[in-house]
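S.K.: Below is protein10.pdb; it holds PDB, C-alpha atoms and all ligand atoms.
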ATOM      1  CA  MET A 221      26.356  55.765 157.435  1.00  0.00           C
ATOM      2  CA  ARG A 222      26.052  56.842 153.839  1.00  0.00           C
ATOM      3  CA  VAL A 223      25.481  54.009 151.329  1.00  0.00           C
ATOM      4  CA  VAL A 224      26.358  54.482 147.660  1.00  0.00           C
ATOM      5  CA  THR A 225      25.734  51.888 144.968  1.00  0.00           C
ATOM      6  CA  ALA A 226      27.981  51.649 141.939  1.00  0.00           C
ATOM      7  CA  ARG A 227      27.258  49.944 138.628  1.00  0.00           C
ATOM      8  CA  ASP A 228      30.097  47.477 138.979  1.00  0.00           C
ATOM      9  CA  TYR A 229      33.443  46.795 140.640  1.00  0.00           C
ATOM     10  CA  ASP A 230      35.360  49.299 138.519  1.00  0.00           C
ATOM     11  CA  GLN A 231      32.977  52.137 139.262  1.00  0.00           C
ATOM     12  CA  MET A 232      33.035  51.248 142.982  1.00  0.00           C
ATOM     13  CA  SER A 233      36.837  51.463 142.864  1.00  0.00           C
ATOM     14  CA  ARG A 234      36.803  54.825 141.079  1.00  0.00           C
ATOM     15  CA  LYS A 235      34.347  56.348 143.551  1.00  0.00           C
ATOM     16  CA  ALA A 236      36.598  55.246 146.414  1.00  0.00           C
ATOM     17  CA  ALA A 237      39.664  56.629 144.640  1.00  0.00           C
ATOM     18  CA  PHE A 238      37.998  60.064 144.317  1.00  0.00           C
ATOM     19  CA  ILE A 239      37.557  60.165 148.084  1.00  0.00           C
ATOM     20  CA  PHE A 240      41.183  59.179 148.725  1.00  0.00           C
ATOM     21  CA  ALA A 241      42.410  61.681 146.132  1.00  0.00           C
ATOM     22  CA  ALA A 242      40.378  64.480 147.749  1.00  0.00           C
ATOM     23  CA  GLN A 243      41.775  63.497 151.141  1.00  0.00           C
ATOM     24  CA  LEU A 244      45.369  63.731 149.871  1.00  0.00           C
ATOM     25  CA  LEU A 245      44.701  67.042 148.148  1.00  0.00           C
ATOM     26  CA  ARG A 246      43.166  68.525 151.265  1.00  0.00           C
ATOM     27  CA  LYS A 247      45.756  67.091 153.645  1.00  0.00           C
ATOM     28  CA  PRO A 248      48.953  65.921 151.897  1.00  0.00           C
ATOM     29  CA  ASP A 249      50.337  64.466 155.149  1.00  0.00           C
ATOM     30  CA  SER A 250      47.268  62.285 155.691  1.00  0.00           C
ATOM     31  CA  VAL A 251      47.558  59.081 157.685  1.00  0.00           C
ATOM     32  CA  LEU A 252      45.992  56.433 155.461  1.00  0.00           C
ATOM     33  CA  GLY A 253      44.502  53.280 156.965  1.00  0.00           C
ATOM     34  CA  LEU A 254      44.868  50.543 154.365  1.00  0.00           C
ATOM     35  CA  ALA A 255      43.386  47.099 153.795  1.00  0.00           C
ATOM     36  CA  THR A 256      44.205  43.974 151.815  1.00  0.00           C
ATOM     37  CA  GLY A 257      42.085  41.305 150.098  1.00  0.00           C
ATOM     38  CA  ASP A 258      40.733  41.404 146.550  1.00  0.00           C
ATOM     39  CA  THR A 259      38.276  44.244 147.132  1.00  0.00           C
ATOM     40  CA  PRO A 260      40.646  47.259 147.408  1.00  0.00           C
ATOM     41  CA  LYS A 261      42.841  46.210 144.454  1.00  0.00           C
ATOM     42  CA  GLY A 262      40.818  48.362 142.037  1.00  0.00           C
ATOM     43  CA  LEU A 263      41.061  51.347 144.387  1.00  0.00           C
ATOM     44  CA  TYR A 264      44.852  50.962 144.524  1.00  0.00           C
ATOM     45  CA  ARG A 265      44.990  50.617 140.732  1.00  0.00           C
ATOM     46  CA  GLU A 266      43.082  53.906 140.369  1.00  0.00           C
ATOM     47  CA  LEU A 267      45.307  55.671 142.895  1.00  0.00           C
ATOM     48  CA  ILE A 268      48.393  54.513 140.980  1.00  0.00           C
ATOM     49  CA  ARG A 269      46.866  55.859 137.766  1.00  0.00           C
ATOM     50  CA  MET A 270      46.038  59.221 139.374  1.00  0.00           C
ATOM     51  CA  HIS A 271      49.553  59.392 140.781  1.00  0.00           C
ATOM     52  CA  ARG A 272      51.107  58.659 137.348  1.00  0.00           C
ATOM     53  CA  GLU A 273      48.989  61.400 135.830  1.00  0.00           C
ATOM     54  CA  GLY A 274      50.313  63.820 138.430  1.00  0.00           C
ATOM     55  CA  ASP A 275      46.976  64.242 140.196  1.00  0.00           C
ATOM     56  CA  ILE A 276      47.987  62.915 143.611  1.00  0.00           C
ATOM     57  CA  ASP A 277      51.155  62.944 145.630  1.00  0.00           C
ATOM     58  CA  PHE A 278      51.985  60.515 148.436  1.00  0.00           C
ATOM     59  CA  SER A 279      55.342  62.042 149.422  1.00  0.00           C
ATOM     60  CA  SER A 280      54.070  63.443 152.746  1.00  0.00           C
ATOM     61  CA  ALA A 281      51.523  60.699 153.464  1.00  0.00           C
ATOM     62  CA  SER A 282      51.942  57.769 155.809  1.00  0.00           C
ATOM     63  CA  SER A 283      50.027  54.530 156.155  1.00  0.00           C
ATOM     64  CA  PHE A 284      49.007  51.872 158.653  1.00  0.00           C
ATOM     65  CA  ASN A 285      47.601  48.555 157.481  1.00  0.00           C
ATOM     66  CA  LEU A 286      44.779  46.840 159.276  1.00  0.00           C
ATOM     67  CA  ASP A 287      46.300  43.443 159.781  1.00  0.00           C
ATOM     68  CA  GLU A 288      48.936  40.812 159.035  1.00  0.00           C
ATOM     69  CA  TYR A 289      49.177  37.043 159.290  1.00  0.00           C
ATOM     70  CA  VAL A 290      51.202  35.632 162.178  1.00  0.00           C
ATOM     71  CA  GLY A 291      54.270  33.714 161.029  1.00  0.00           C
ATOM     72  CA  LEU A 292      54.680  35.106 157.516  1.00  0.00           C
ATOM     73  CA  ARG A 293      57.865  37.029 156.838  1.00  0.00           C
ATOM     74  CA  PRO A 294      57.464  40.439 155.141  1.00  0.00           C
ATOM     75  CA  ASP A 295      58.951  39.028 151.920  1.00  0.00           C
ATOM     76  CA  ASP A 296      56.613  36.009 151.888  1.00  0.00           C
ATOM     77  CA  PRO A 297      54.460  36.385 148.757  1.00  0.00           C
ATOM     78  CA  GLN A 298      51.335  35.694 150.859  1.00  0.00           C
ATOM     79  CA  SER A 299      52.115  38.310 153.503  1.00  0.00           C
ATOM     80  CA  TYR A 300      50.108  41.503 153.572  1.00  0.00           C
ATOM     81  CA  ARG A 301      53.366  43.503 153.568  1.00  0.00           C
ATOM     82  CA  HIS A 302      54.207  41.882 150.228  1.00  0.00           C
ATOM     83  CA  TYR A 303      50.670  42.495 148.915  1.00  0.00           C
ATOM     84  CA  MET A 304      50.916  46.206 149.765  1.00  0.00           C
ATOM     85  CA  ARG A 305      54.276  46.531 148.044  1.00  0.00           C
ATOM     86  CA  GLU A 306      52.901  44.879 144.905  1.00  0.00           C
ATOM     87  CA  GLN A 307      49.492  46.540 144.832  1.00  0.00           C
ATOM     88  CA  LEU A 308      50.417  50.095 145.845  1.00  0.00           C
ATOM     89  CA  PHE A 309      53.620  51.096 147.606  1.00  0.00           C
ATOM     90  CA  SER A 310      56.141  50.295 144.874  1.00  0.00           C
ATOM     91  CA  HIS A 311      54.065  52.209 142.289  1.00  0.00           C
ATOM     92  CA  VAL A 312      53.610  55.522 144.125  1.00  0.00           C
ATOM     93  CA  ASN A 313      55.912  57.975 145.888  1.00  0.00           C
ATOM     94  CA  ILE A 314      55.009  57.087 149.479  1.00  0.00           C
ATOM     95  CA  ARG A 315      58.202  56.858 151.577  1.00  0.00           C
ATOM     96  CA  PRO A 316      58.792  53.160 152.455  1.00  0.00           C
ATOM     97  CA  GLU A 317      59.590  54.099 156.079  1.00  0.00           C
ATOM     98  CA  SER A 318      56.186  55.799 156.326  1.00  0.00           C
ATOM     99  CA  THR A 319      54.308  52.577 155.539  1.00  0.00           C
ATOM    100  CA  ARG A 320      53.422  50.398 158.511  1.00  0.00           C
ATOM    101  CA  VAL A 321      52.121  46.832 158.570  1.00  0.00           C
ATOM    102  CA  PRO A 322      52.023  44.811 161.816  1.00  0.00           C
ATOM    103  CA  ASP A 323      55.012  42.462 162.171  1.00  0.00           C
ATOM    104  CA  GLY A 324      53.636  38.926 162.209  1.00  0.00           C
ATOM    105  CA  THR A 325      57.090  37.502 162.916  1.00  0.00           C
ATOM    106  CA  ALA A 326      57.742  39.526 166.092  1.00  0.00           C
ATOM    107  CA  GLY A 327      59.157  37.381 168.909  1.00  0.00           C
ATOM    108  CA  ASP A 328      56.742  38.924 171.389  1.00  0.00           C
ATOM    109  CA  LEU A 329      53.434  39.279 169.545  1.00  0.00           C
ATOM    110  CA  ASP A 330      51.621  40.946 172.445  1.00  0.00           C
ATOM    111  CA  ALA A 331      54.341  43.605 172.609  1.00  0.00           C
ATOM    112  CA  GLU A 332      54.038  44.068 168.834  1.00  0.00           C
ATOM    113  CA  CYS A 333      50.304  44.754 169.247  1.00  0.00           C
ATOM    114  CA  VAL A 334      50.983  47.412 171.892  1.00  0.00           C
ATOM    115  CA  ARG A 335      53.766  48.942 169.783  1.00  0.00           C
ATOM    116  CA  TYR A 336      51.555  49.084 166.664  1.00  0.00           C
ATOM    117  CA  GLU A 337      48.627  50.634 168.475  1.00  0.00           C
ATOM    118  CA  SER A 338      50.807  53.317 170.053  1.00  0.00           C
ATOM    119  CA  ALA A 339      52.628  54.069 166.770  1.00  0.00           C
ATOM    120  CA  LEU A 340      49.245  54.755 165.155  1.00  0.00           C
ATOM    121  CA  ARG A 341      48.201  56.910 168.080  1.00  0.00           C
ATOM    122  CA  SER A 342      51.494  58.882 167.989  1.00  0.00           C
ATOM    123  CA  ALA A 343      50.922  59.518 164.276  1.00  0.00           C
ATOM    124  CA  GLY A 344      47.605  61.129 165.237  1.00  0.00           C
ATOM    125  CA  GLY A 345      45.346  58.226 164.169  1.00  0.00           C
ATOM    126  CA  ALA A 346      44.079  57.466 160.669  1.00  0.00           C
ATOM    127  CA  ASP A 347      42.514  60.329 158.724  1.00  0.00           C
ATOM    128  CA  ILE A 348      40.851  57.861 156.398  1.00  0.00           C
ATOM    129  CA  GLN A 349      40.495  54.098 156.679  1.00  0.00           C
ATOM    130  CA  VAL A 350      39.544  51.777 153.834  1.00  0.00           C
ATOM    131  CA  LEU A 351      37.846  48.521 154.793  1.00  0.00           C
ATOM    132  CA  GLY A 352      36.790  45.380 152.978  1.00  0.00           C
ATOM    133  CA  LEU A 353      34.191  43.055 154.455  1.00  0.00           C
ATOM    134  CA  GLY A 354      34.546  39.373 155.297  1.00  0.00           C
ATOM    135  CA  THR A 355      31.703  37.059 154.300  1.00  0.00           C
ATOM    136  CA  ASP A 356      31.049  36.580 158.034  1.00  0.00           C
ATOM    137  CA  GLY A 357      30.939  40.349 158.558  1.00  0.00           C
ATOM    138  CA  HIS A 358      34.503  40.721 159.812  1.00  0.00           C
ATOM    139  CA  ILE A 359      36.523  43.912 159.350  1.00  0.00           C
ATOM    140  CA  GLY A 360      40.302  43.708 159.500  1.00  0.00           C
ATOM    141  CA  PHE A 361      40.494  40.285 161.129  1.00  0.00           C
ATOM    142  CA  ASN A 362      37.941  41.061 163.843  1.00  0.00           C
ATOM    143  CA  GLU A 363      35.900  37.876 163.684  1.00  0.00           C
ATOM    144  CA  PRO A 364      32.349  37.465 165.041  1.00  0.00           C
ATOM    145  CA  ASP A 365      32.637  37.359 168.814  1.00  0.00           C
ATOM    146  CA  GLN A 366      30.870  38.019 172.105  1.00  0.00           C
ATOM    147  CA  GLU A 367      32.326  41.517 172.395  1.00  0.00           C
ATOM    148  CA  PHE A 368      34.048  44.172 170.303  1.00  0.00           C
ATOM    149  CA  PRO A 369      37.832  43.987 170.829  1.00  0.00           C
ATOM    150  CA  ALA A 370      39.151  47.479 171.464  1.00  0.00           C
ATOM    151  CA  ALA A 371      42.810  47.605 170.485  1.00  0.00           C
ATOM    152  CA  THR A 372      45.281  45.844 168.172  1.00  0.00           C
ATOM    153  CA  HIS A 373      45.371  42.181 169.194  1.00  0.00           C
ATOM    154  CA  ILE A 374      46.125  38.608 168.146  1.00  0.00           C
ATOM    155  CA  VAL A 375      43.251  36.585 166.700  1.00  0.00           C
ATOM    156  CA  ARG A 376      42.619  32.978 165.838  1.00  0.00           C
ATOM    157  CA  LEU A 377      40.957  32.982 162.423  1.00  0.00           C
ATOM    158  CA  ASP A 378      37.544  31.388 161.960  1.00  0.00           C
ATOM    159  CA  GLU A 379      37.259  28.318 159.745  1.00  0.00           C
ATOM    160  CA  SER A 380      35.162  30.305 157.245  1.00  0.00           C
ATOM    161  CA  THR A 381      37.888  32.969 156.964  1.00  0.00           C
ATOM    162  CA  ILE A 382      40.620  30.355 156.507  1.00  0.00           C
ATOM    163  CA  GLU A 383      38.452  28.743 153.840  1.00  0.00           C
ATOM    164  CA  ALA A 384      37.738  32.081 152.094  1.00  0.00           C
ATOM    165  CA  ASN A 385      41.397  33.125 152.154  1.00  0.00           C
ATOM    166  CA  SER A 386      42.716  29.732 151.030  1.00  0.00           C
ATOM    167  CA  ARG A 387      42.228  30.885 147.429  1.00  0.00           C
ATOM    168  CA  PHE A 388      45.368  32.991 147.833  1.00  0.00           C
ATOM    169  CA  PHE A 389      47.446  29.978 148.985  1.00  0.00           C
ATOM    170  CA  ARG A 390      48.487  26.725 147.301  1.00  0.00           C
ATOM    171  CA  SER A 391      46.537  24.686 149.848  1.00  0.00           C
ATOM    172  CA  ARG A 392      44.249  25.248 152.807  1.00  0.00           C
ATOM    173  CA  GLU A 393      46.946  23.879 155.127  1.00  0.00           C
ATOM    174  CA  GLU A 394      49.233  26.777 154.207  1.00  0.00           C
ATOM    175  CA  VAL A 395      46.787  29.457 155.414  1.00  0.00           C
ATOM    176  CA  PRO A 396      48.024  30.855 158.728  1.00  0.00           C
ATOM    177  CA  THR A 397      45.564  30.281 161.559  1.00  0.00           C
ATOM    178  CA  MET A 398      46.452  33.438 163.470  1.00  0.00           C
ATOM    179  CA  ALA A 399      46.802  37.111 162.676  1.00  0.00           C
ATOM    180  CA  ILE A 400      47.488  40.506 164.237  1.00  0.00           C
ATOM    181  CA  THR A 401      44.663  42.948 163.627  1.00  0.00           C
ATOM    182  CA  MET A 402      43.677  46.459 164.598  1.00  0.00           C
ATOM    183  CA  GLY A 403      40.802  46.206 167.054  1.00  0.00           C
ATOM    184  CA  ILE A 404      37.311  47.568 166.532  1.00  0.00           C
ATOM    185  CA  GLY A 405      38.220  50.515 168.766  1.00  0.00           C
ATOM    186  CA  THR A 406      41.306  51.209 166.633  1.00  0.00           C
ATOM    187  CA  ILE A 407      39.229  51.136 163.438  1.00  0.00           C
ATOM    188  CA  MET A 408      36.470  53.293 164.951  1.00  0.00           C
ATOM    189  CA  SER A 409      39.032  55.944 165.919  1.00  0.00           C
ATOM    190  CA  ALA A 410      39.720  56.711 162.232  1.00  0.00           C
ATOM    191  CA  ARG A 411      38.306  60.128 161.362  1.00  0.00           C
ATOM    192  CA  SER A 412      36.606  58.787 158.233  1.00  0.00           C
ATOM    193  CA  ILE A 413      35.945  55.306 156.902  1.00  0.00           C
ATOM    194  CA  VAL A 414      35.329  53.998 153.379  1.00  0.00           C
ATOM    195  CA  LEU A 415      33.986  50.434 153.312  1.00  0.00           C
ATOM    196  CA  LEU A 416      33.975  48.633 149.974  1.00  0.00           C
ATOM    197  CA  ALA A 417      32.054  45.481 149.121  1.00  0.00           C
ATOM    198  CA  SER A 418      31.596  43.759 145.804  1.00  0.00           C
ATOM    199  CA  GLY A 419      29.889  40.577 144.664  1.00  0.00           C
ATOM    200  CA  ARG A 420      27.001  38.347 145.703  1.00  0.00           C
ATOM    201  CA  SER A 421      28.925  36.735 148.588  1.00  0.00           C
ATOM    202  CA  LYS A 422      28.944  40.102 150.401  1.00  0.00           C
ATOM    203  CA  ALA A 423      25.206  40.830 150.045  1.00  0.00           C
ATOM    204  CA  GLU A 424      24.252  39.078 153.289  1.00  0.00           C
ATOM    205  CA  PRO A 425      26.930  40.677 155.518  1.00  0.00           C
ATOM    206  CA  VAL A 426      26.209  44.050 153.851  1.00  0.00           C
ATOM    207  CA  ARG A 427      22.551  43.776 154.820  1.00  0.00           C
ATOM    208  CA  GLY A 428      23.489  42.918 158.409  1.00  0.00           C
ATOM    209  CA  MET A 429      26.006  45.766 158.559  1.00  0.00           C
ATOM    210  CA  VAL A 430      23.594  48.393 157.225  1.00  0.00           C
ATOM    211  CA  ARG A 431      20.186  47.243 158.482  1.00  0.00           C
ATOM    212  CA  GLY A 432      20.848  44.766 161.276  1.00  0.00           C
ATOM    213  CA  PRO A 433      21.322  45.321 164.973  1.00  0.00           C
ATOM    214  CA  ILE A 434      24.717  46.506 166.189  1.00  0.00           C
ATOM    215  CA  THR A 435      26.327  43.329 167.454  1.00  0.00           C
ATOM    216  CA  PRO A 436      29.815  41.826 167.781  1.00  0.00           C
ATOM    217  CA  ARG A 437      28.294  38.761 166.057  1.00  0.00           C
ATOM    218  CA  LEU A 438      28.569  40.880 162.903  1.00  0.00           C
ATOM    219  CA  PRO A 439      31.566  43.117 163.637  1.00  0.00           C
ATOM    220  CA  ALA A 440      30.986  45.540 160.724  1.00  0.00           C
ATOM    221  CA  SER A 441      27.596  46.521 162.219  1.00  0.00           C
ATOM    222  CA  VAL A 442      29.512  48.709 164.697  1.00  0.00           C
ATOM    223  CA  LEU A 443      30.166  51.123 161.826  1.00  0.00           C
ATOM    224  CA  GLN A 444      26.576  52.361 162.229  1.00  0.00           C
ATOM    225  CA  LEU A 445      27.906  54.233 165.259  1.00  0.00           C
ATOM    226  CA  HIS A 446      30.706  56.025 163.388  1.00  0.00           C
ATOM    227  CA  PRO A 447      29.978  59.648 162.386  1.00  0.00           C
ATOM    228  CA  ASP A 448      31.711  59.539 158.983  1.00  0.00           C
ATOM    229  CA  VAL A 449      31.339  56.265 157.088  1.00  0.00           C
ATOM    230  CA  ILE A 450      30.684  55.836 153.398  1.00  0.00           C
ATOM    231  CA  VAL A 451      29.826  52.333 152.176  1.00  0.00           C
ATOM    232  CA  ILE A 452      30.412  51.869 148.449  1.00  0.00           C
ATOM    233  CA  LEU A 453      28.822  48.740 146.951  1.00  0.00           C
ATOM    234  CA  ASP A 454      28.495  47.235 143.538  1.00  0.00           C
ATOM    235  CA  GLU A 455      25.008  46.123 142.521  1.00  0.00           C
ATOM    236  CA  GLU A 456      25.482  42.521 143.646  1.00  0.00           C
ATOM    237  CA  ALA A 457      26.706  43.472 147.107  1.00  0.00           C
ATOM    238  CA  ALA A 458      23.749  45.884 147.404  1.00  0.00           C
ATOM    239  CA  SER A 459      21.209  43.315 146.171  1.00  0.00           C
ATOM    240  CA  LEU A 460      19.675  42.529 149.579  1.00  0.00           C
ATOM    241  CA  LEU A 461      19.251  46.119 150.746  1.00  0.00           C
TER
HETATM  242  C1  LIG A 501      40.596  39.289 154.783  1.00  0.00           C
HETATM  243  C2  LIG A 501      41.170  40.605 155.296  1.00  0.00           C
HETATM  244  C3  LIG A 501      40.100  41.658 155.394  1.00  0.00           C
HETATM  245  C4  LIG A 501      39.319  41.695 154.098  1.00  0.00           C
HETATM  246  C5  LIG A 501      38.583  40.397 153.900  1.00  0.00           C
HETATM  247  C6  LIG A 501      37.753  40.358 152.628  1.00  0.00           C
HETATM  248  O1  LIG A 501      40.194  38.422 155.775  1.00  0.00           O
HETATM  249  N1  LIG A 501      41.824  40.487 156.565  1.00  0.00           N
HETATM  250  O2  LIG A 501      40.711  42.909 155.690  1.00  0.00           O
HETATM  251  O3  LIG A 501      38.417  42.772 154.110  1.00  0.00           O
HETATM  252  O4  LIG A 501      39.535  39.374 153.849  1.00  0.00           O
HETATM  253  O5  LIG A 501      38.567  40.016 151.541  1.00  0.00           O
HETATM  254  P1  LIG A 501      38.181  40.193 150.040  1.00  0.00           P
HETATM  255  O6  LIG A 501      38.263  41.643 149.753  1.00  0.00           O
HETATM  256  O7  LIG A 501      39.238  39.424 149.278  1.00  0.00           O
HETATM  257  O8  LIG A 501      36.819  39.646 149.845  1.00  0.00           O
END
For the structure just supplied, provide its representation as structure tokens.
Ligand code: GLP
M.R.:
Amino acid sequence: MRVVTARDYDQMSRKAAFIFAAQLLRKPDSVLGLATGDTPKGLYRELIRMHREGDIDFSSASSFNLDEYVGLRPDDPQSYRHYMREQLFSHVNIRPESTRVPDGTAGDLDAECVRYESALRSAGGADIQVLGLGTDGHIGFNEPDQEFPAATHIVRLDESTIEANSRFFRSREEVPTMAITMGIGTIMSARSIVLLASGRSKAEPVRGMVRGPITPRLPASVLQLHPDVIVILDEEAASLL
């Protein structure tokens, strides 16, 4: 695990964008593993800028998002599908049919998990996966648990995650309580991983992830076992290292 500290959020985002740009230059048909939340917004902004300047091309790339809330339609402004359209997809030349987000409205959610996992596998797995970090150390929506869930699955969100994510909703009651998420095994099968963390609220989980024991109580700690992970932090997120 390589840990890089950036001056601030913007520099963290630029460093991450360089890695994604290099990936697309080296392999134009890369499978990109994408994440939501506030943290990767700066990365997406940089990628849009590089695309507008003609430096990167998404026309052969495809993408798989980490997770989606159960019950939100793709056009719901709070859905992760909507977020991705707003933050990245509609501003670059990725083909809409090449962008995948789990379907949180599927009638049979277990079947949707199996379908999503096998679609990612058929695409050859993610070449590069971006991750944010929950304040409780979650990645995707893999909450602290007794064991590491392997494949894409349904989760009940922890109270702390519902609380943290309620800032995106009008009220806490509107935050979905369940989600579909790639499992830890799915995430670990990405060929390379870029984890971003910014701000004081991430300092504690960052310390656990980098220095602590590998435990499903802090899901991100499993990344210590991955052969190609870069963790890019701003100074606040790195403050307890
Ligand atoms: C959500 C997402 C995660 C994300 C985390 C942190 O729970 N499912 O993928 O990493 O929040 O979000 P933020 O970047 O807004 O701090």
S.K.: If we count only C-alpha atoms and set the cut-off at 12 Å, which residues sit around Val451 of chain A, ignoring sequence neighbours fewer than 6 positions away in its own chain? Please answer as a VMD selection string.
M.R.: chain A and resid 221 to 226 232 to 233 235 to 236 239 349 to 353 412 to 418 426 to 427 429 to 430 440 to 441 443 to 444 457 to 458
S.K.: Check which residues fall inside 6 Å of ligand LIG 501 (chain A) when counting all atoms listed in the file, and print them as number ranges by chain.
M.R.: A: 255-259, 351-354, 359-361
S.K.: Carefully work through the PyMOL selection byres (((chain A and resi 304-313) around 8) and not hetatm) for this structure and note down the residues it includes, as a ChimeraX atom specification.
M.R.: /A:256,261,264-265,268,271-272,277-279,300-303,314-316
S.K.: Please indicate the distance in Å from atom CA of Ser391 of chain A to atom CA of Asp378 of chain A, rounded to one decimal place.
M.R.: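 Taking atom CA of Ser391 of chain A and atom CA of Asp378 of chain A, their separation equals 16.5 Å.
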S.K.: Find the smallest box with edges along x, y and z containing every listed atom of segment 398-408 of chain A, then add 8 Å on each side and report centre and edge lengths in Å to one decimal, as AutoDock Vina command-line options.
M.R.:
--center_x 42.0 --center_y 43.4 --center_z 165.7 --size_x 27.0 --size_y 35.9 --size_z 22.1
S.K.: So that I can see what lies close to Asp356 of chain A, please list as a PyMOL selection string the residues with an atom at most 9 Å from it, counting all atoms listed in the file and leaving out residues fewer than 4 positions away in the same chain.
M.R.: chain A and resi 363-364+380-381+422+424-425+437-439
S.K.: Keeping C-alpha atoms for every residue in the selection just given, could you write it to a file as a PDB file, in the coordinates of the input?
M.R.:
ATOM      1  CA  GLU A 363      35.900  37.876 163.684  1.00  0.00           C
ATOM      2  CA  PRO A 364      32.349  37.465 165.041  1.00  0.00           C
ATOM      3  CA  SER A 380      35.162  30.305 157.245  1.00  0.00           C
ATOM      4  CA  THR A 381      37.888  32.969 156.964  1.00  0.00           C
ATOM      5  CA  LYS A 422      28.944  40.102 150.401  1.00  0.00           C
ATOM      6  CA  GLU A 424      24.252  39.078 153.289  1.00  0.00           C
ATOM      7  CA  PRO A 425      26.930  40.677 155.518  1.00  0.00           C
ATOM      8  CA  ARG A 437      28.294  38.761 166.057  1.00  0.00           C
ATOM      9  CA  LEU A 438      28.569  40.880 162.903  1.00  0.00           C
ATOM     10  CA  PRO A 439      31.566  43.117 163.637  1.00  0.00           C
TER      11      PRO A 439
END
S.K.: When distances are computed from all atoms listed in the file, which of A:Arg293, A:Arg227, A:His358, A:Arg341 shows the smallest separation from Thr435 of chain A?
M.R.: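 For Thr435 of chain A, the nearest of the given residues is A:His358.
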S.K.: Do you have the atom CA of Glu455 of chain A-atom CA of Phe240 of chain A distance handy?
M.R.: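 Between these atoms lies a distance of 21.7 Å.
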S.K.: Quick one, how far is atom CA of Val395 of chain A from atom CA of Glu288 of chain A?
M.R.: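 Taking atom CA of Val395 of chain A as the start and atom CA of Glu288 of chain A as the end point, the length is 12.1 Å.
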S.K.: Evaluate the PyMOL selection byres (((chain A and resi 345) around 12) and not hetatm) here and jot the selected residues down as a ChimeraX atom specification.
M.R.: /A:250-253,282-285,336-344,346-349,402,405-412
S.K.: Which one is closest to Gly291 of chain A: A:Leu377, A:Leu453, A:Ala326, A:Ile434? Count only C-alpha atoms.
M.R.: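 So, comparing all the options, the nearest one is A:Ala326.
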S.K.: With distances taken over only C-alpha atoms, which residue among A:Ser280, A:Ser386, A:Thr372, A:Thr397 lies nearest Cys333 of chain A?
M.R.: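 Of A:Ser280, A:Ser386, A:Thr372, A:Thr397, the one nearest Cys333 of chain A is A:Thr372, counting only C-alpha atoms.
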S.K.: Select, from A:Gly324, A:Pro436, A:Gly428, A:Gly419, the residue with the minimum atom-to-atom distance to Pro369 of chain A, counting all atoms listed in the file.
M.R.: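 Smallest distance to Pro369 of chain A is found for A:Pro436.
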S.K.: Tell me which of A:Ala370, A:Pro396, A:Arg376, A:Asp287 sits closest to Val442 of chain A, counting all atoms listed in the file.
M.R.: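 Under the stated criterion, the closest residue is A:Ala370.
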S.K.: From the list A:Pro297, A:Ile404, A:Gly262, A:Ser459, which residue is nearest Asp365 of chain A when using only C-alpha atoms?
M.R.: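 Of the candidates, the smallest distance to Asp365 of chain A is held by A:Ile404.
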